[in-house]
Amino acid sequence: MENRSIRTIGVLTSGGDAPGMNAAIRAVVRTGAYHGLKVMGIKRGYNGLINGEMEEMNARSVSETLQRGGTCLMTARCLEFKTKEGVARACQIAKVFGLDGLVVVGGDGSFRGARDLSNAGLPTVAMPGTIDNDISCSEYTVGYDTCLNTVKDAVDKIRDTASSHERCSVIEVMGRAAGYIALEAGIACGAEVILVPEKEYNFDEDVLRPILEAKSRGKKHAIIVVAEGIGGVIEMAKEIEAKTGIESRATILGHVQRGGSPTVRDRVTASQMGARCVELLLEGKANRIVCMQKGLITDVDINEGLEMKKEISEELIELAHKLSV
């Protein structure tokens with residue numbers, strides 16, 4: 001049953017941008033319009049909420065956004081929002097604009113902000129939008145698949161040069177303190193070595209040995225994928241060259257991984273999650289995270305979701321080891 005006290009909702013994107021955020025915004029706006037709601041687009045995340053940077057959106061204002069990367073509402077960090085005074089001001093501004101509920105698209109930090117708003121009296125629902133796939137309560141986050149495909153394309157191109165020059169390429173990918181991007185992209189690209197923060201490694205045994213063994217089998221190049229939580233790829237490439245005599249080069253892929261037109265999976269998942277956020281508010285439910293579990297869209301309490309732990313797949317780590325021989 002719809003909660004008819006919800007007449008106007010806001011939507012914002014917070015934290016790092018991710019492909020598919022626009023699809024989520026579009027789903028919120030159009031689902032809201034379908035149910036007769038007024039939807040306010042809040043610019044620059046929580047910073048825009050505090051400063052009242054918002055305008056009404058409708059079905060037409062989100063046309064031609066589905067295929068675009070980034071976020072049409074823009075995003076920004078907001079230190080003021082981390083204070084009680086900042087949250088109180090955000091709630092006050094929300095009342096000025098008549099917001100009865102809010103949808104937040106972002107990561108863990110954004111979820112904590114959503115929780116604070118719900119606790120302060122503004123019904124808020126959040127959904128995961130981050131390329132890192134590091135949200136504990138969700139097996140998938142919007143933007144991850146597009147990022148993996150971007151990394152795959154880049155590594156495939158780097159491999160062409162590595163093979164031509166018989167080099168070792170050490171490639172750093174994003175992911176903060178999580179190794180999901182490195183692990184799955186490394187498997188997809190046939191990397192000889194994959195290094196993730198979740199697993200300790202020995203440089204001689206886990207890096208040098210696979211490279212030298214591959215060379216002894218006649219391989220002309222080597223690809224090493226390193227998560228940014230480990231870092232140090234420039235120094236690593238120098239050390240590999242010094243100890244093996246194999247010409248080595250380091251590449252830091254950087255923010256190219258956040259951009260680009262979202263894949264089908266990210267467009268569809270973002271649309272499902274965005275629509276569900278609106279439906280939860282209409283059902284009178286707040287302080288929830290819309291997430292994916294066992295392949296299905298569901299929702300959990302924000303406090304519960306933030307306390308969950310997400311383990312990297314040991315099966316994929318073992319698979320990467322088996323396939324690197």
# chains A, B, ... in the order shown; residues from 1 in each chain; ligands from 1

call {"tool": "select_by_dssp", "arguments": {"residues": "region 45-224 of chain A", "states": "helix (DSSP H, G or I)", "output": "VMD selection string"}}
result
chain A and resid 45 to 51 59 to 62 80 to 82 84 to 96 108 to 119 144 to 165 180 to 188 203 to 216

call {"tool": "residues_around", "arguments": {"residues": "Thr13 (chain A)", "least_positions_apart": "4", "cutoff": "8 Å", "atoms": "only C-alpha atoms", "output": "VMD selection string"}}
result
chain A and resid 17 21 43 to 45 71 73 to 75 104 to 106

call {"tool": "write_last_selection", "arguments": {"atoms": "N, CA and C atoms", "output": "PDB file, in the first residue's frame"}}
result
ATOM      1  N   ASP A  17      31.998   8.902  -8.604  1.00  0.00           N
ATOM      2  CA  ASP A  17      31.007   8.606  -9.650  1.00  0.00           C
ATOM      3  C   ASP A  17      31.208   7.189 -10.173  1.00  0.00           C
ATOM      4  N   MET A  21      25.048   5.463 -12.685  1.00  0.00           N
ATOM      5  CA  MET A  21      24.382   6.400 -11.773  1.00  0.00           C
ATOM      6  C   MET A  21      23.262   7.152 -12.481  1.00  0.00           C
ATOM      7  N   LYS A  43      21.900  18.532  -6.578  1.00  0.00           N
ATOM      8  CA  LYS A  43      23.209  18.584  -7.215  1.00  0.00           C
ATOM      9  C   LYS A  43      24.338  18.520  -6.185  1.00  0.00           C
ATOM     10  N   ARG A  44      25.439  17.876  -6.586  1.00  0.00           N
ATOM     11  CA  ARG A  44      26.667  17.825  -5.789  1.00  0.00           C
ATOM     12  C   ARG A  44      26.493  17.139  -4.437  1.00  0.00           C
ATOM     13  N   GLY A  45      25.699  16.083  -4.426  1.00  0.00           N
ATOM     14  CA  GLY A  45      25.601  15.240  -3.251  1.00  0.00           C
ATOM     15  C   GLY A  45      25.077  15.931  -2.007  1.00  0.00           C
ATOM     16  N   THR A  71      27.595  11.221 -13.578  1.00  0.00           N
ATOM     17  CA  THR A  71      26.289  11.532 -12.988  1.00  0.00           C
ATOM     18  C   THR A  71      25.850  12.926 -13.384  1.00  0.00           C
ATOM     19  N   LEU A  73      23.762  14.695 -12.004  1.00  0.00           N
ATOM     20  CA  LEU A  73      23.559  15.529 -10.812  1.00  0.00           C
ATOM     21  C   LEU A  73      24.874  15.949 -10.182  1.00  0.00           C
ATOM     22  N   MET A  74      25.970  15.431 -10.724  1.00  0.00           N
ATOM     23  CA  MET A  74      27.303  15.697 -10.197  1.00  0.00           C
ATOM     24  C   MET A  74      27.436  15.158  -8.766  1.00  0.00           C
ATOM     25  N   THR A  75      28.661  15.122  -8.269  1.00  0.00           N
ATOM     26  CA  THR A  75      28.902  14.590  -6.937  1.00  0.00           C
ATOM     27  C   THR A  75      30.049  15.353  -6.302  1.00  0.00           C
ATOM     28  N   VAL A 104      19.476   8.026  -2.065  1.00  0.00           N
ATOM     29  CA  VAL A 104      20.909   8.300  -2.139  1.00  0.00           C
ATOM     30  C   VAL A 104      21.591   7.185  -2.925  1.00  0.00           C
ATOM     31  N   VAL A 105      22.405   7.564  -3.910  1.00  0.00           N
ATOM     32  CA  VAL A 105      23.168   6.602  -4.702  1.00  0.00           C
ATOM     33  C   VAL A 105      24.648   6.816  -4.393  1.00  0.00           C
ATOM     34  N   GLY A 106      25.311   5.788  -3.857  1.00  0.00           N
ATOM     35  CA  GLY A 106      26.715   5.947  -3.499  1.00  0.00           C
ATOM     36  C   GLY A 106      27.278   4.714  -2.824  1.00  0.00           C
TER      37      GLY A 106
END

call {"tool": "residues_around", "arguments": {"residues": "Gln92 (chain A)", "least_positions_apart": "3", "cutoff": "12 Å", "atoms": "only C-alpha atoms", "output": "NGL selection string"}}
result
:A and (49-52 or 85-89 or 95-100 or 117 or 120-122)

call {"tool": "select_by_dssp", "arguments": {"residues": "region 30-203 of chain A", "states": "strand (DSSP E or B)", "output": "compact mmCIF listing (two decimals) with C-alpha atoms, in the first residue's frame"}}
result
# COMPACT_ATOMS: atom_id res chain seq x y z
CA LYS A 38 7.31 15.34 -7.42
CA VAL A 39 11.03 14.53 -7.73
CA MET A 40 13.79 17.00 -6.89
CA GLY A 41 17.28 16.42 -8.29
CA ILE A 42 19.90 17.47 -5.75
CA MET A 54 18.13 21.32 -6.24
CA GLU A 55 15.58 21.56 -9.00
CA GLU A 56 12.51 19.64 -10.05
CA MET A 57 13.06 16.81 -12.53
CA GLY A 101 11.86 11.28 1.40
CA LEU A 102 15.29 10.93 -0.18
CA VAL A 103 17.11 8.44 -2.41
CA VAL A 104 20.91 8.30 -2.14
CA VAL A 105 23.17 6.60 -4.70
CA GLY A 106 26.71 5.95 -3.50
CA THR A 124 16.01 7.96 3.32
CA VAL A 125 16.76 4.91 1.19
CA ALA A 126 20.15 4.19 -0.41
CA MET A 127 21.53 2.01 -3.19
CA PRO A 128 25.12 1.03 -4.10
CA GLY A 129 26.81 2.96 -6.88
CA VAL A 142 26.34 -0.43 -10.01
CA CYS A 168 56.49 -7.57 -18.25
CA SER A 169 53.65 -5.13 -17.67
CA VAL A 170 52.66 -4.26 -14.10
CA ILE A 171 49.20 -2.67 -14.13
CA GLU A 172 47.52 -0.97 -11.19
CA VAL A 173 43.71 -0.94 -11.12
CA VAL A 193 50.05 -12.66 -11.42
CA ILE A 194 47.16 -10.99 -9.56
CA LEU A 195 47.82 -9.17 -6.30

call {"tool": "residues_around", "arguments": {"residues": "Asn47 (chain A)", "least_positions_apart": "6", "cutoff": "8 Å", "atoms": "only C-alpha atoms", "output": "PyMOL selection string"}}
result
chain A and resi 76-78+80-81

call {"tool": "residues_around", "arguments": {"residues": "region 130-138 of chain A", "least_positions_apart": "4", "cutoff": "9 Å", "atoms": "only C-alpha atoms", "output": "MDAnalysis selection string"}}
result
chainID A and resid 15:19 21 105:108 142:148 174:181 257:258 289:293 300 304:311

call {"tool": "write_last_selection", "arguments": {"atoms": "C-alpha atoms", "output": "short mmCIF file (atom, residue, chain, number, x, y, z; two decimals), in the first residue's frame"}}
result
data_model
loop_
_atom_site.label_atom_id
_atom_site.label_comp_id
_atom_site.auth_asym_id
_atom_site.auth_seq_id
_atom_site.Cartn_x
_atom_site.Cartn_y
_atom_site.Cartn_z
CA GLY A 15 31.05 9.85 -3.33
CA GLY A 16 32.94 8.68 -6.39
CA ASP A 17 31.01 8.61 -9.65
CA ALA A 18 30.21 5.29 -11.31
CA PRO A 19 28.76 4.30 -14.70
CA MET A 21 24.38 6.40 -11.77
CA VAL A 105 23.17 6.60 -4.70
CA GLY A 106 26.71 5.95 -3.50
CA GLY A 107 28.97 3.82 -1.30
CA ASP A 108 29.53 3.10 2.39
CA VAL A 142 26.34 -0.43 -10.01
CA GLY A 143 29.35 0.54 -12.11
CA TYR A 144 31.42 -2.57 -11.45
CA ASP A 145 30.74 -4.36 -14.73
CA THR A 146 31.49 -1.28 -16.83
CA CYS A 147 34.72 -0.78 -14.93
CA LEU A 148 35.77 -4.40 -15.51
CA MET A 174 41.34 0.86 -8.78
CA GLY A 175 39.33 -0.60 -5.91
CA ARG A 176 40.54 1.25 -2.80
CA ALA A 177 41.21 -1.42 -0.16
CA ALA A 178 39.32 -4.13 -2.07
CA GLY A 179 40.68 -6.47 -4.72
CA TYR A 180 37.53 -7.35 -6.67
CA ILE A 181 38.45 -5.35 -9.78
CA GLN A 257 38.11 3.16 -15.03
CA ARG A 258 35.25 5.30 -13.69
CA ILE A 289 19.82 -0.17 1.51
CA VAL A 290 18.58 -1.64 -1.76
CA CYS A 291 21.08 -4.34 -2.69
CA MET A 292 21.63 -7.59 -4.58
CA GLN A 293 21.77 -10.93 -2.81
CA VAL A 300 18.36 -4.52 4.27
CA GLU A 304 22.68 -4.14 9.49
CA GLY A 305 24.16 -3.62 6.05
CA LEU A 306 27.07 -1.53 7.33
CA GLU A 307 27.96 -4.23 9.87
CA MET A 308 28.11 -7.04 7.30
CA LYS A 309 31.46 -8.38 6.11
CA LYS A 310 32.26 -9.21 2.50
CA GLU A 311 34.92 -11.79 1.74
#

call {"tool": "closest_residue", "arguments": {"among": "A:Arg209, A:Asp299, A:Arg7, A:Gly232", "to": "Leu280 (chain A)", "atoms": "only C-alpha atoms"}}
result
A:Asp299

call {"tool": "atom_distance", "arguments": {"atom1": "CA of Ser14 (chain A)", "atom2": "CA of Arg267 (chain A)"}}
result
18.2 Å

call {"tool": "closest_residue", "arguments": {"among": "A:His165, A:Leu208, A:Pro123, A:Val225", "to": "Val196 (chain A)", "atoms": "only C-alpha atoms"}}
result
A:Val225

call {"tool": "residues_around", "arguments": {"residues": "region 149-153 of chain A", "least_positions_apart": "6", "cutoff": "12 Å", "atoms": "only C-alpha atoms", "output": "JSON, numbers by chain"}}
result
{"A": [19, 131, 143, 159, 160, 171, 172, 173, 174, 175, 181, 182, 183, 184, 185, 186, 187, 188, 189, 190, 191, 225, 226, 227, 251, 252, 253, 254, 255, 256, 257, 258, 259, 260, 261, 262, 263, 264, 265, 266]}

call {"tool": "atom_distance", "arguments": {"atom1": "CA of Thr8 (chain A)", "atom2": "CA of Ala90 (chain A)"}}
result
15.7 Å

call {"tool": "atom_distance", "arguments": {"atom1": "CA of Glu64 (chain A)", "atom2": "CA of Val268 (chain A)"}}
result
15.3 Å

call {"tool": "closest_residue", "arguments": {"among": "A:Gly70, A:Glu139, A:Gly20, A:Ile25", "to": "Lys294 (chain A)", "atoms": "only C-alpha atoms"}}
result
A:Glu139

call {"tool": "closest_residue", "arguments": {"among": "A:Gly69, A:Glu192, A:Glu279, A:Tyr140", "to": "Leu37 (chain A)", "atoms": "only C-alpha atoms"}}
result
A:Glu279
